[in-house]
file protein.cif (mmCIF, C-alpha atoms)
data_upload
#
loop_
_atom_site.label_atom_id
_atom_site.label_comp_id
_atom_site.auth_asym_id
_atom_site.auth_seq_id
_atom_site.Cartn_x
_atom_site.Cartn_y
_atom_site.Cartn_z
CA MET A 4 32.40 18.86 24.80
CA SER A 5 32.23 20.68 28.17
CA GLY A 6 35.02 20.84 30.71
CA ARG A 7 33.56 17.82 32.49
CA ASN A 8 35.65 14.65 32.39
CA ARG A 9 34.75 11.72 30.17
CA THR A 10 33.79 8.55 32.07
CA CYS A 11 33.66 4.81 31.49
CA VAL A 12 32.66 1.80 33.54
CA SER A 13 35.65 -0.34 34.45
CA VAL A 14 35.42 -3.98 35.54
CA ASP A 15 37.95 -6.26 37.24
CA LEU A 16 36.56 -9.72 36.58
CA GLY A 17 38.11 -12.18 39.02
CA GLY A 18 37.25 -15.74 39.90
CA THR A 19 36.00 -14.79 43.37
CA LYS A 20 35.47 -11.02 43.23
CA LEU A 21 33.72 -8.78 40.72
CA LEU A 22 34.79 -5.14 41.05
CA THR A 23 32.97 -2.54 38.96
CA ALA A 24 33.58 1.20 39.02
CA VAL A 25 32.88 4.44 37.20
CA ILE A 26 36.22 6.09 36.44
CA ASP A 27 36.87 9.41 34.78
CA GLU A 28 39.57 10.54 32.39
CA SER A 29 41.81 11.75 35.24
CA GLY A 30 41.90 8.25 36.74
CA ALA A 31 39.57 9.18 39.62
CA ILE A 32 37.19 6.48 40.83
CA LEU A 33 33.78 8.13 41.14
CA ARG A 34 31.76 5.14 42.36
CA ARG A 35 32.43 1.47 42.87
CA GLU A 36 30.59 -1.74 43.58
CA GLU A 37 32.08 -5.03 44.70
CA LYS A 38 30.40 -8.41 44.99
CA PRO A 39 31.20 -12.12 44.68
CA THR A 40 31.56 -13.46 41.15
CA PRO A 41 28.70 -15.95 40.56
CA VAL A 42 30.97 -18.47 38.85
CA GLY A 43 28.68 -21.37 39.76
CA GLY A 44 25.95 -19.96 37.55
CA GLY A 45 28.07 -20.10 34.41
CA ALA A 46 28.93 -17.40 31.91
CA SER A 47 25.38 -16.04 31.65
CA ALA A 48 25.20 -15.44 35.41
CA VAL A 49 28.59 -13.71 35.47
CA ILE A 50 27.76 -11.46 32.51
CA GLY A 51 24.35 -10.72 34.02
CA ALA A 52 26.01 -9.70 37.29
CA ILE A 53 28.32 -7.32 35.43
CA ALA A 54 25.38 -5.82 33.54
CA ALA A 55 23.48 -5.35 36.81
CA SER A 56 26.43 -3.54 38.39
CA VAL A 57 26.78 -1.33 35.33
CA ALA A 58 23.09 -0.42 35.54
CA SER A 59 23.36 0.32 39.26
CA LEU A 60 26.38 2.57 38.83
CA ARG A 61 24.83 4.41 35.87
CA ALA A 62 21.64 5.03 37.85
CA ALA A 63 23.62 6.67 40.66
CA ALA A 64 25.26 9.26 38.36
CA GLY A 65 25.17 12.88 39.46
CA PRO A 66 23.45 15.56 37.32
CA ASP A 67 26.77 17.06 36.17
CA GLU A 68 28.44 13.76 35.31
CA LEU A 69 28.96 12.75 31.70
CA PRO A 70 27.43 9.34 30.91
CA PRO A 71 29.89 6.46 30.51
CA GLU A 72 31.19 5.93 26.99
CA GLY A 73 31.73 2.22 27.35
CA ILE A 74 32.84 -0.70 29.50
CA ALA A 75 36.49 -1.63 30.00
CA ILE A 76 37.13 -5.12 31.41
CA VAL A 77 40.29 -6.75 32.72
CA ALA A 78 40.35 -10.52 33.22
CA ALA A 79 42.87 -13.34 33.54
CA GLY A 80 43.25 -16.12 31.01
CA ALA A 81 43.65 -16.52 27.28
CA LEU A 82 41.87 -13.62 25.61
CA ASP A 83 41.00 -12.51 22.11
CA ALA A 84 40.99 -8.88 23.14
CA GLU A 85 40.34 -7.54 19.64
CA ASN A 86 37.05 -9.43 19.39
CA GLY A 87 36.09 -9.25 23.08
CA VAL A 88 36.24 -13.01 23.63
CA ILE A 89 37.58 -14.86 26.67
CA ARG A 90 39.00 -17.97 25.02
CA TYR A 91 39.83 -19.75 28.27
CA ALA A 92 39.84 -18.67 31.91
CA SER A 93 40.25 -21.44 34.48
CA ASN A 94 39.24 -19.19 37.40
CA LEU A 95 35.88 -18.50 35.72
CA ASN A 96 35.35 -21.85 33.97
CA PHE A 97 34.99 -19.87 30.73
CA THR A 98 35.68 -21.29 27.28
CA ASP A 99 35.06 -19.14 24.19
CA VAL A 100 32.78 -16.63 25.93
CA ALA A 101 31.94 -13.61 23.75
CA ILE A 102 31.71 -11.29 26.72
CA GLY A 103 32.04 -8.12 24.63
CA ASP A 104 29.06 -8.83 22.39
CA GLU A 105 26.90 -10.08 25.27
CA LEU A 106 27.55 -7.05 27.46
CA LYS A 107 26.94 -4.68 24.58
CA ARG A 108 23.62 -6.42 23.95
CA LEU A 109 22.63 -6.09 27.61
CA THR A 110 23.87 -2.55 28.27
CA GLY A 111 24.07 -0.84 24.91
CA LEU A 112 27.69 0.12 25.62
CA PRO A 113 30.74 -0.90 23.59
CA VAL A 114 33.28 -3.07 25.42
CA LEU A 115 37.07 -3.15 25.66
CA LEU A 116 38.66 -6.37 26.95
CA GLU A 117 42.23 -6.59 28.27
CA ASN A 118 44.45 -9.00 30.20
CA ASP A 119 44.44 -8.17 33.92
CA ALA A 120 48.23 -7.89 34.24
CA ASN A 121 48.37 -5.62 31.19
CA GLY A 122 45.64 -3.46 32.66
CA ALA A 123 47.48 -3.15 35.97
CA ALA A 124 50.72 -2.33 34.15
CA TYR A 125 49.02 0.41 32.18
CA GLY A 126 47.33 1.78 35.28
CA GLU A 127 50.58 2.05 37.22
CA TRP A 128 52.29 3.64 34.20
CA LYS A 129 49.51 6.15 33.55
CA HIS A 130 48.40 7.09 37.05
CA GLY A 131 50.62 5.25 39.54
CA ALA A 132 54.24 4.64 40.45
CA GLY A 133 55.39 4.58 36.82
CA LYS A 134 53.78 7.90 35.92
CA GLY A 135 56.04 10.15 33.87
CA SER A 136 58.14 7.33 32.41
CA ASN A 137 58.20 6.21 28.78
CA ASP A 138 59.34 2.65 29.45
CA CYS A 139 57.86 0.85 32.43
CA MET A 140 57.93 -2.80 33.53
CA PHE A 141 55.25 -3.91 35.98
CA ILE A 142 55.43 -7.14 37.96
CA THR A 143 53.00 -8.54 40.45
CA VAL A 144 54.23 -10.99 43.08
CA SER A 145 51.26 -12.79 44.54
CA THR A 146 49.83 -16.30 44.17
CA GLY A 147 51.86 -16.38 40.96
CA ILE A 148 54.09 -13.83 39.25
CA GLY A 149 52.77 -11.81 36.34
CA GLY A 150 53.67 -8.65 34.55
CA GLY A 151 53.27 -6.21 31.75
CA PHE A 152 55.30 -3.69 29.76
CA VAL A 153 54.74 -0.19 28.50
CA SER A 154 57.39 0.82 25.95
CA GLY A 155 57.55 4.20 24.28
CA GLY A 156 54.26 5.01 25.96
CA LYS A 157 52.48 2.02 24.40
CA LEU A 158 51.28 -1.21 26.00
CA ILE A 159 53.17 -4.21 24.63
CA ARG A 160 50.77 -7.11 24.10
CA GLY A 161 52.77 -9.42 21.85
CA ALA A 162 51.60 -11.47 18.88
CA THR A 163 49.02 -13.44 20.86
CA GLY A 164 48.40 -10.91 23.64
CA SER A 165 50.57 -12.87 26.06
CA ALA A 166 53.57 -10.57 26.52
CA GLY A 167 54.69 -10.02 30.11
CA GLU A 168 54.65 -13.60 31.40
CA ILE A 169 57.59 -12.81 33.66
CA GLY A 170 56.67 -15.58 36.07
CA HIS A 171 57.46 -18.16 33.43
CA ILE A 172 61.01 -17.05 32.76
CA SER A 173 63.05 -20.15 33.57
CA ILE A 174 65.96 -19.71 35.96
CA ASP A 175 66.84 -23.43 35.95
CA ARG A 176 66.31 -25.59 32.88
CA ASN A 177 66.61 -28.68 35.11
CA GLY A 178 64.30 -27.29 37.77
CA PRO A 179 60.87 -28.54 38.85
CA LEU A 180 58.08 -28.87 36.30
CA CYS A 181 55.72 -25.91 36.18
CA PRO A 182 52.01 -26.31 35.30
CA CYS A 183 52.77 -24.24 32.18
CA GLY A 184 54.94 -27.11 30.91
CA ASN A 185 58.26 -25.34 31.38
CA ARG A 186 60.87 -26.21 34.01
CA GLY A 187 62.37 -23.93 36.63
CA CYS A 188 59.95 -21.01 36.18
CA VAL A 189 60.73 -18.19 38.58
CA GLU A 190 57.23 -18.25 40.08
CA LEU A 191 58.06 -21.73 41.43
CA TYR A 192 60.75 -20.06 43.56
CA ALA A 193 59.64 -16.50 44.30
CA SER A 194 55.82 -16.21 44.33
CA GLY A 195 53.82 -16.01 47.54
CA THR A 196 52.73 -19.60 46.88
CA ALA A 197 56.36 -20.73 46.48
CA ILE A 198 57.42 -19.02 49.71
CA ALA A 199 54.59 -20.72 51.60
CA ARG A 200 55.39 -24.08 49.98
CA THR A 201 59.03 -23.87 51.10
CA VAL A 202 58.04 -23.21 54.68
CA ALA A 203 55.33 -25.88 54.68
CA ALA A 204 57.86 -28.46 53.48
CA ASP A 205 60.32 -27.49 56.22
CA ILE A 206 57.65 -27.64 58.92
CA ALA A 207 56.42 -31.01 57.70
CA SER A 208 59.85 -32.58 57.34
CA GLY A 209 61.58 -30.99 60.31
CA ALA A 210 64.65 -30.77 58.08
CA ARG A 211 65.60 -27.39 59.54
CA PRO A 212 64.29 -25.24 62.38
CA THR A 213 61.55 -22.91 61.17
CA GLY A 214 61.90 -20.46 64.03
CA ARG A 215 59.25 -17.83 64.50
CA VAL A 216 57.42 -18.86 61.31
CA GLY A 217 56.83 -22.33 62.71
CA GLU A 218 55.56 -20.78 65.94
CA LEU A 219 53.15 -18.48 64.11
CA ALA A 220 51.85 -21.45 62.11
CA GLY A 221 51.47 -23.48 65.30
CA GLY A 222 53.68 -26.17 63.83
CA ASP A 223 50.98 -26.86 61.21
CA ALA A 224 52.39 -27.01 57.67
CA SER A 225 48.96 -26.29 56.18
CA LYS A 226 48.90 -22.88 57.89
CA ALA A 227 52.16 -21.64 56.35
CA THR A 228 51.69 -18.47 54.30
CA SER A 229 53.95 -15.81 52.84
CA ARG A 230 52.24 -13.32 55.15
CA LEU A 231 53.47 -15.25 58.20
CA VAL A 232 56.97 -15.34 56.73
CA GLY A 233 56.84 -11.57 56.24
CA GLN A 234 55.63 -11.09 59.81
CA ALA A 235 58.44 -13.23 61.20
CA ALA A 236 61.00 -11.42 59.03
CA ALA A 237 59.78 -8.08 60.40
CA GLU A 238 60.57 -9.45 63.87
CA GLY A 239 64.10 -10.29 62.71
CA ASP A 240 63.67 -14.07 62.52
CA ALA A 241 66.73 -15.59 60.81
CA TYR A 242 64.84 -18.44 59.15
CA ALA A 243 62.23 -16.13 57.61
CA LEU A 244 64.91 -13.75 56.39
CA ALA A 245 66.80 -16.63 54.75
CA VAL A 246 63.67 -17.92 52.96
CA LEU A 247 62.88 -14.45 51.65
CA ALA A 248 66.47 -13.85 50.61
CA ASP A 249 66.36 -17.00 48.46
CA ALA A 250 63.04 -15.97 46.90
CA GLY A 251 64.17 -12.39 46.31
CA SER A 252 67.41 -13.53 44.73
CA ALA A 253 65.52 -15.84 42.34
CA LEU A 254 63.23 -12.97 41.36
CA GLY A 255 66.15 -10.61 40.82
CA PHE A 256 67.90 -13.13 38.58
CA ALA A 257 64.82 -13.44 36.36
CA LEU A 258 64.32 -9.68 36.27
CA ALA A 259 67.89 -9.18 35.06
CA GLY A 260 66.99 -11.20 31.97
CA ALA A 261 63.75 -9.27 31.48
CA VAL A 262 65.60 -5.95 31.80
CA HIS A 263 68.08 -7.07 29.15
CA LEU A 264 65.16 -7.64 26.77
CA VAL A 265 63.06 -4.51 27.27
CA ASN A 266 65.42 -1.98 28.93
CA PRO A 267 62.84 -0.25 31.18
CA GLU A 268 63.28 3.09 32.88
CA VAL A 269 61.36 1.92 35.95
CA ILE A 270 60.19 -1.38 37.42
CA VAL A 271 56.98 -1.15 39.43
CA ILE A 272 56.38 -4.04 41.84
CA GLY A 273 52.93 -4.90 43.16
CA GLY A 274 51.02 -7.87 44.52
CA GLY A 275 50.42 -9.12 48.04
CA ALA A 276 53.85 -10.70 48.57
CA SER A 277 55.57 -7.48 47.52
CA ARG A 278 54.21 -5.85 50.67
CA ILE A 279 56.71 -7.94 52.65
CA GLY A 280 59.07 -5.16 51.59
CA GLU A 281 62.80 -5.01 52.02
CA PRO A 282 63.40 -8.59 53.29
CA LEU A 283 62.19 -9.76 49.84
CA LEU A 284 62.93 -6.74 47.67
CA GLY A 285 66.42 -6.03 49.05
CA PRO A 286 67.87 -9.38 47.85
CA MET A 287 65.94 -8.95 44.60
CA LYS A 288 67.58 -5.56 43.92
CA GLU A 289 71.01 -6.83 44.91
CA THR A 290 70.80 -9.80 42.53
CA LEU A 291 69.34 -7.69 39.73
CA HIS A 292 72.27 -5.28 39.97
CA ARG A 293 74.78 -8.11 40.24
CA TYR A 294 73.63 -9.89 37.08
CA GLY A 295 72.21 -6.98 35.09
CA ILE A 296 74.30 -5.19 32.48
CA LYS A 297 75.62 -2.13 34.28
CA ALA A 298 74.54 0.41 31.67
CA MET A 299 70.97 -0.94 31.86
CA VAL A 300 70.56 -1.18 35.62
CA GLU A 301 72.62 1.63 37.11
CA SER A 302 69.90 4.25 36.46
CA LEU A 303 66.96 1.84 36.74
CA ARG A 304 64.31 2.93 39.24
CA ILE A 305 62.46 0.31 41.28
CA GLU A 306 59.20 1.47 42.84
CA GLN A 307 56.46 -0.17 44.85
CA ALA A 308 53.06 -0.03 43.17
CA ALA A 309 50.87 2.92 44.14
CA LEU A 310 47.38 1.81 43.09
CA GLY A 311 47.08 -1.47 44.99
CA GLY A 312 44.09 -3.57 44.01
CA ASP A 313 42.68 -0.75 41.88
CA ALA A 314 45.50 -0.87 39.31
CA GLY A 315 43.52 -3.10 36.95
CA ILE A 316 40.36 -1.01 36.81
CA VAL A 317 42.27 2.27 36.63
CA GLY A 318 44.41 0.87 33.83
CA ALA A 319 41.41 -0.49 31.93
CA ALA A 320 39.77 2.93 32.03
CA ALA A 321 43.00 4.63 30.93
CA LEU A 322 43.23 2.25 27.99
CA TRP A 323 39.68 3.09 27.04
CA PHE A 324 40.33 6.82 26.95
CA ASP A 325 43.73 6.51 25.27
CA THR A 326 42.53 4.22 22.50
CA ARG A 327 39.24 5.95 21.74
CA SER A 328 39.05 9.55 20.63
CA ALA A 329 36.63 11.89 22.34
#
call {"tool": "encode", "arguments": {"input": "protein.cif", "output": "structure tokens"}}
result
Amino acid sequence: MSGRNRTCVSVDLGGTKLLTAVIDESGAILRREEKPTPVGGGASAVIGAIAASVASLRAAAGPDELPPEGIAIVAAGALDAENGVIRYASNLNFTDVAIGDELKRLTGLPVLLENDANGAAYGEWKHGAGKGSNDCMFITVSTGIGGGFVSGGKLIRGATGSAGEIGHISIDRNGPLCPCGNRGCVELYASGTAIARTVAADIASGARPTGRVGELAGGDASKATSRLVGQAAAEGDAYALAVLADAGSALGFALAGAVHLVNPEVIVIGGGASRIGEPLLGPMKETLHRYGIKAMVESLRIEQAALGGDAGIVGAAALWFDTRSA
């Protein structure tokens, strides 16, 4: 093979957005295409849209570019990654969709399927903030809380491909019921959704003054978001800082337990709510160090994610190249 880099087509299949890109072996994104996911048209429409994007990106290849070897997809939900089947994905209304076989039929390219959080974890480990480490924990703090682990340089999937469900670590066995069926899951306390829900309840009830956050929301509970809380915290608002301190502490407590299980070298934190920064992450770090075993946390690095919304597609491509010989 020449000195040119191998390429693959990488796909981040979301419920609202379909991101497709050609990525080379170095992790560089050569071309990308983004469009709404046609969920209303069913599985055939979604798979057809992916195939169309793949065709478009392949047609735009330069004369010196190696053709893509395959398609690497990251998606949320219950997956049978080995057989390329999305067993259930609520955001896509998919049940038992053989996306790997269908895309291969339409494009002629073999397909790799991976959980979206696992893909992001691998991307940050391979080409992002976790680069150079052997043992990396990735968490995303957004609508929910998800995660993934790379240990000894290998992605940890678990027996059913569900490893890394950090958001469903319970921090209170008598806590509120989570949709997963557990009680007291940390994402009920520390996700962007949970932060917004806390503020919305305070605005609606008037139980405590909501300060600058209430002003930014115009006193309307339905307009409360974690972004507004972060904005108010950046202005030094005491209420916003207190809400984020509670959320960060809950997250840190859960992470202490996760660290005790997998003993990572670095924790990489991504997701929209993580961009609030120190008002959330400071209390998280403090609690993690308070409850974590000293020998396991004293040298632990905590980094903010470097790849942003591209972590999934970069990680999917990296998995393709690392699991398939040239």
call {"tool": "resolve_selection", "arguments": {"input": "protein.cif", "expression": "the PyMOL selection byres ((chain A and resi 193) around 7)", "output": "JSON, numbers by chain"}}
result
{"A": [189, 190, 191, 192, 194, 195, 197, 198, 250, 251, 253, 254]}
call {"tool": "axis_aligned_box", "arguments": {"input": "protein.cif", "around": "region 295-298 of chain A", "padding_each_side": "6 Å", "output": "AutoDock Vina command-line options"}}
result
--center_x 73.9 --center_y -3.3 --center_z 33.4 --size_x 15.4 --size_y 19.4 --size_z 15.4
call {"tool": "atom_distance", "arguments": {"input": "protein.cif", "atom1": "CA of Glu117 (chain A)", "atom2": "CA of Ser13 (chain A)"}}
result
11.0 Å
call {"tool": "resolve_selection", "arguments": {"input": "protein.cif", "expression": "the PyMOL selection byres ((chain A and resi 119-126) around 7)", "output": "CSV table (one decimal) with C-alpha atoms, keeping the file's coordinate frame"}}
result
chain,number,residue,atom,x,y,z
A,77,VAL,CA,40.3,-6.8,32.7
A,78,ALA,CA,40.4,-10.5,33.2
A,79,ALA,CA,42.9,-13.3,33.5
A,117,GLU,CA,42.2,-6.6,28.3
A,118,ASN,CA,44.4,-9.0,30.2
A,127,GLU,CA,50.6,2.0,37.2
A,128,TRP,CA,52.3,3.6,34.2
A,129,LYS,CA,49.5,6.2,33.6
A,130,HIS,CA,48.4,7.1,37.0
A,131,GLY,CA,50.6,5.2,39.5
A,141,PHE,CA,55.2,-3.9,36.0
A,149,GLY,CA,52.8,-11.8,36.3
A,150,GLY,CA,53.7,-8.6,34.6
A,151,GLY,CA,53.3,-6.2,31.8
A,152,PHE,CA,55.3,-3.7,29.8
A,153,VAL,CA,54.7,-0.2,28.5
A,158,LEU,CA,51.3,-1.2,26.0
A,314,ALA,CA,45.5,-0.9,39.3
A,315,GLY,CA,43.5,-3.1,37.0
A,317,VAL,CA,42.3,2.3,36.6
A,318,GLY,CA,44.4,0.9,33.8
A,319,ALA,CA,41.4,-0.5,31.9
A,321,ALA,CA,43.0,4.6,30.9
call {"tool": "closest_residue", "arguments": {"input": "protein.cif", "among": "A:Arg186, A:Arg160, A:Arg278, A:Lys107", "to": "Ile50 (chain A)", "atoms": "only C-alpha atoms"}}
result
A:Lys107
call {"tool": "closest_residue", "arguments": {"input": "protein.cif", "among": "A:Lys134, A:Arg327, A:Lys226, A:Arg7", "to": "Pro66 (chain A)", "atoms": "only C-alpha atoms"}}
result
A:Arg7
call {"tool": "resolve_selection", "arguments": {"input": "protein.cif", "expression": "the PyMOL selection byres ((chain A and resi 42-44) around 8)", "output": "MDAnalysis selection string"}}
result
chainID A and resid 18:19 40:41 45:49 95:96
call {"tool": "residues_near_point", "arguments": {"input": "protein.cif", "point": "(61.8, 5.4, 26.7)", "cutoff": "7 Å", "atoms": "only C-alpha atoms", "output": "NGL selection string"}}
result
:A and (137-138 or 154-155 or 268)
call {"tool": "atom_distance", "arguments": {"input": "protein.cif", "atom1": "CA of Leu115 (chain A)", "atom2": "CA of Ala63 (chain A)"}}
result
22.4 Å
call {"tool": "residues_near_point", "arguments": {"input": "protein.cif", "point": "(25.8, 2.0, 42.1)", "cutoff": "7 Å", "atoms": "all atoms listed in the file", "output": "tab-separated table (two decimals) with C-alpha atoms, in the coordinates of the input"}}
result
chain	number	residue	atom	x	y	z
A	34	ARG	CA	31.76	5.14	42.36
A	35	ARG	CA	32.43	1.47	42.87
A	36	GLU	CA	30.59	-1.74	43.58
A	56	SER	CA	26.43	-3.54	38.39
A	59	SER	CA	23.36	0.32	39.26
A	60	LEU	CA	26.38	2.57	38.83
A	61	ARG	CA	24.83	4.41	35.87
A	62	ALA	CA	21.64	5.03	37.85
A	63	ALA	CA	23.62	6.67	40.66
call {"tool": "closest_residue", "arguments": {"input": "protein.cif", "among": "A:Gly280, A:Gly274, A:Gly167, A:Gly222", "to": "Val262 (chain A)", "atoms": "all atoms listed in the file"}}
result
A:Gly167
call {"tool": "closest_residue", "arguments": {"input": "protein.cif", "among": "A:Ala55, A:Val216, A:Ile89, A:Ile26", "to": "Glu68 (chain A)", "atoms": "only C-alpha atoms"}}
result
A:Ile26
call {"tool": "closest_residue", "arguments": {"input": "protein.cif", "among": "A:Leu109, A:Ala237, A:Ala81, A:Cys11", "to": "Gly51 (chain A)", "atoms": "all atoms listed in the file"}}
result
A:Leu109
call {"tool": "residues_around", "arguments": {"input": "protein.cif", "residues": "region 203-208 of chain A", "least_positions_apart": "4", "cutoff": "10 Å", "atoms": "all atoms listed in the file", "output": "number ranges by chain"}}
result
A: 197-199, 212-214, 216-217, 220-228
call {"tool": "build_atoms", "arguments": {"input": "protein.cif", "residues": "region 79-99 of chain A", "atoms": "N, CA, C and O atoms", "output": "PDB file, in the coordinates of the input"}}
result
ATOM      1  N   ALA A  79      41.750 -12.414  33.733  1.00  0.00           N
ATOM      2  CA  ALA A  79      42.870 -13.340  33.540  1.00  0.00           C
ATOM      3  C   ALA A  79      42.492 -14.363  32.481  1.00  0.00           C
ATOM      4  O   ALA A  79      41.320 -14.535  32.136  1.00  0.00           O
ATOM      5  N   GLY A  80      43.508 -15.043  31.953  1.00  0.00           N
ATOM      6  CA  GLY A  80      43.250 -16.120  31.010  1.00  0.00           C
ATOM      7  C   GLY A  80      43.708 -15.815  29.604  1.00  0.00           C
ATOM      8  O   GLY A  80      44.367 -14.803  29.344  1.00  0.00           O
ATOM      9  N   ALA A  81      43.331 -16.695  28.687  1.00  0.00           N
ATOM     10  CA  ALA A  81      43.650 -16.520  27.280  1.00  0.00           C
ATOM     11  C   ALA A  81      42.538 -15.718  26.627  1.00  0.00           C
ATOM     12  O   ALA A  81      41.383 -16.159  26.593  1.00  0.00           O
ATOM     13  N   LEU A  82      42.878 -14.542  26.126  1.00  0.00           N
ATOM     14  CA  LEU A  82      41.870 -13.620  25.610  1.00  0.00           C
ATOM     15  C   LEU A  82      42.075 -13.339  24.125  1.00  0.00           C
ATOM     16  O   LEU A  82      43.203 -13.273  23.643  1.00  0.00           O
ATOM     17  N   ASP A  83      40.983 -13.126  23.430  1.00  0.00           N
ATOM     18  CA  ASP A  83      41.000 -12.510  22.110  1.00  0.00           C
ATOM     19  C   ASP A  83      40.474 -11.103  22.336  1.00  0.00           C
ATOM     20  O   ASP A  83      39.271 -10.833  22.183  1.00  0.00           O
ATOM     21  N   ALA A  84      41.387 -10.219  22.733  1.00  0.00           N
ATOM     22  CA  ALA A  84      40.990  -8.880  23.140  1.00  0.00           C
ATOM     23  C   ALA A  84      40.342  -8.110  21.993  1.00  0.00           C
ATOM     24  O   ALA A  84      39.380  -7.354  22.189  1.00  0.00           O
ATOM     25  N   GLU A  85      40.854  -8.296  20.798  1.00  0.00           N
ATOM     26  CA  GLU A  85      40.340  -7.540  19.640  1.00  0.00           C
ATOM     27  C   GLU A  85      38.867  -7.817  19.403  1.00  0.00           C
ATOM     28  O   GLU A  85      38.108  -6.910  19.032  1.00  0.00           O
ATOM     29  N   ASN A  86      38.445  -9.052  19.633  1.00  0.00           N
ATOM     30  CA  ASN A  86      37.050  -9.430  19.390  1.00  0.00           C
ATOM     31  C   ASN A  86      36.225  -9.555  20.668  1.00  0.00           C
ATOM     32  O   ASN A  86      35.055  -9.967  20.609  1.00  0.00           O
ATOM     33  N   GLY A  87      36.827  -9.226  21.818  1.00  0.00           N
ATOM     34  CA  GLY A  87      36.090  -9.250  23.080  1.00  0.00           C
ATOM     35  C   GLY A  87      35.684 -10.630  23.536  1.00  0.00           C
ATOM     36  O   GLY A  87      34.607 -10.815  24.120  1.00  0.00           O
ATOM     37  N   VAL A  88      36.562 -11.624  23.281  1.00  0.00           N
ATOM     38  CA  VAL A  88      36.240 -13.010  23.630  1.00  0.00           C
ATOM     39  C   VAL A  88      37.238 -13.551  24.645  1.00  0.00           C
ATOM     40  O   VAL A  88      38.449 -13.415  24.463  1.00  0.00           O
ATOM     41  N   ILE A  89      36.725 -14.145  25.719  1.00  0.00           N
ATOM     42  CA  ILE A  89      37.580 -14.860  26.670  1.00  0.00           C
ATOM     43  C   ILE A  89      37.672 -16.296  26.170  1.00  0.00           C
ATOM     44  O   ILE A  89      36.714 -17.061  26.248  1.00  0.00           O
ATOM     45  N   ARG A  90      38.831 -16.636  25.603  1.00  0.00           N
ATOM     46  CA  ARG A  90      39.000 -17.970  25.020  1.00  0.00           C
ATOM     47  C   ARG A  90      39.024 -19.044  26.092  1.00  0.00           C
ATOM     48  O   ARG A  90      38.406 -20.097  25.947  1.00  0.00           O
ATOM     49  N   TYR A  91      39.783 -18.782  27.164  1.00  0.00           N
ATOM     50  CA  TYR A  91      39.830 -19.750  28.270  1.00  0.00           C
ATOM     51  C   TYR A  91      40.255 -19.029  29.540  1.00  0.00           C
ATOM     52  O   TYR A  91      41.243 -18.299  29.541  1.00  0.00           O
ATOM     53  N   ALA A  92      39.489 -19.219  30.604  1.00  0.00           N
ATOM     54  CA  ALA A  92      39.840 -18.670  31.910  1.00  0.00           C
ATOM     55  C   ALA A  92      39.479 -19.705  32.962  1.00  0.00           C
ATOM     56  O   ALA A  92      38.294 -19.927  33.245  1.00  0.00           O
ATOM     57  N   SER A  93      40.501 -20.353  33.531  1.00  0.00           N
ATOM     58  CA  SER A  93      40.250 -21.440  34.480  1.00  0.00           C
ATOM     59  C   SER A  93      39.548 -20.944  35.738  1.00  0.00           C
ATOM     60  O   SER A  93      38.729 -21.661  36.317  1.00  0.00           O
ATOM     61  N   ASN A  94      39.845 -19.701  36.166  1.00  0.00           N
ATOM     62  CA  ASN A  94      39.240 -19.190  37.400  1.00  0.00           C
ATOM     63  C   ASN A  94      37.747 -18.899  37.227  1.00  0.00           C
ATOM     64  O   ASN A  94      37.017 -18.783  38.211  1.00  0.00           O
ATOM     65  N   LEU A  95      37.286 -18.780  35.988  1.00  0.00           N
ATOM     66  CA  LEU A  95      35.880 -18.500  35.720  1.00  0.00           C
ATOM     67  C   LEU A  95      35.148 -19.693  35.096  1.00  0.00           C
ATOM     68  O   LEU A  95      33.927 -19.645  34.910  1.00  0.00           O
ATOM     69  N   ASN A  96      35.900 -20.722  34.726  1.00  0.00           N
ATOM     70  CA  ASN A  96      35.350 -21.850  33.970  1.00  0.00           C
ATOM     71  C   ASN A  96      34.748 -21.370  32.643  1.00  0.00           C
ATOM     72  O   ASN A  96      33.696 -21.863  32.201  1.00  0.00           O
ATOM     73  N   PHE A  97      35.434 -20.419  32.013  1.00  0.00           N
ATOM     74  CA  PHE A  97      34.990 -19.870  30.730  1.00  0.00           C
ATOM     75  C   PHE A  97      35.761 -20.524  29.589  1.00  0.00           C
ATOM     76  O   PHE A  97      36.986 -20.652  29.655  1.00  0.00           O
ATOM     77  N   THR A  98      35.063 -20.869  28.534  1.00  0.00           N
ATOM     78  CA  THR A  98      35.680 -21.290  27.280  1.00  0.00           C
ATOM     79  C   THR A  98      34.926 -20.638  26.131  1.00  0.00           C
ATOM     80  O   THR A  98      33.710 -20.828  25.991  1.00  0.00           O
ATOM     81  N   ASP A  99      35.633 -19.824  25.350  1.00  0.00           N
ATOM     82  CA  ASP A  99      35.060 -19.140  24.190  1.00  0.00           C
ATOM     83  C   ASP A  99      33.782 -18.371  24.545  1.00  0.00           C
ATOM     84  O   ASP A  99      32.713 -18.579  23.946  1.00  0.00           O
TER      85      ASP A  99
END
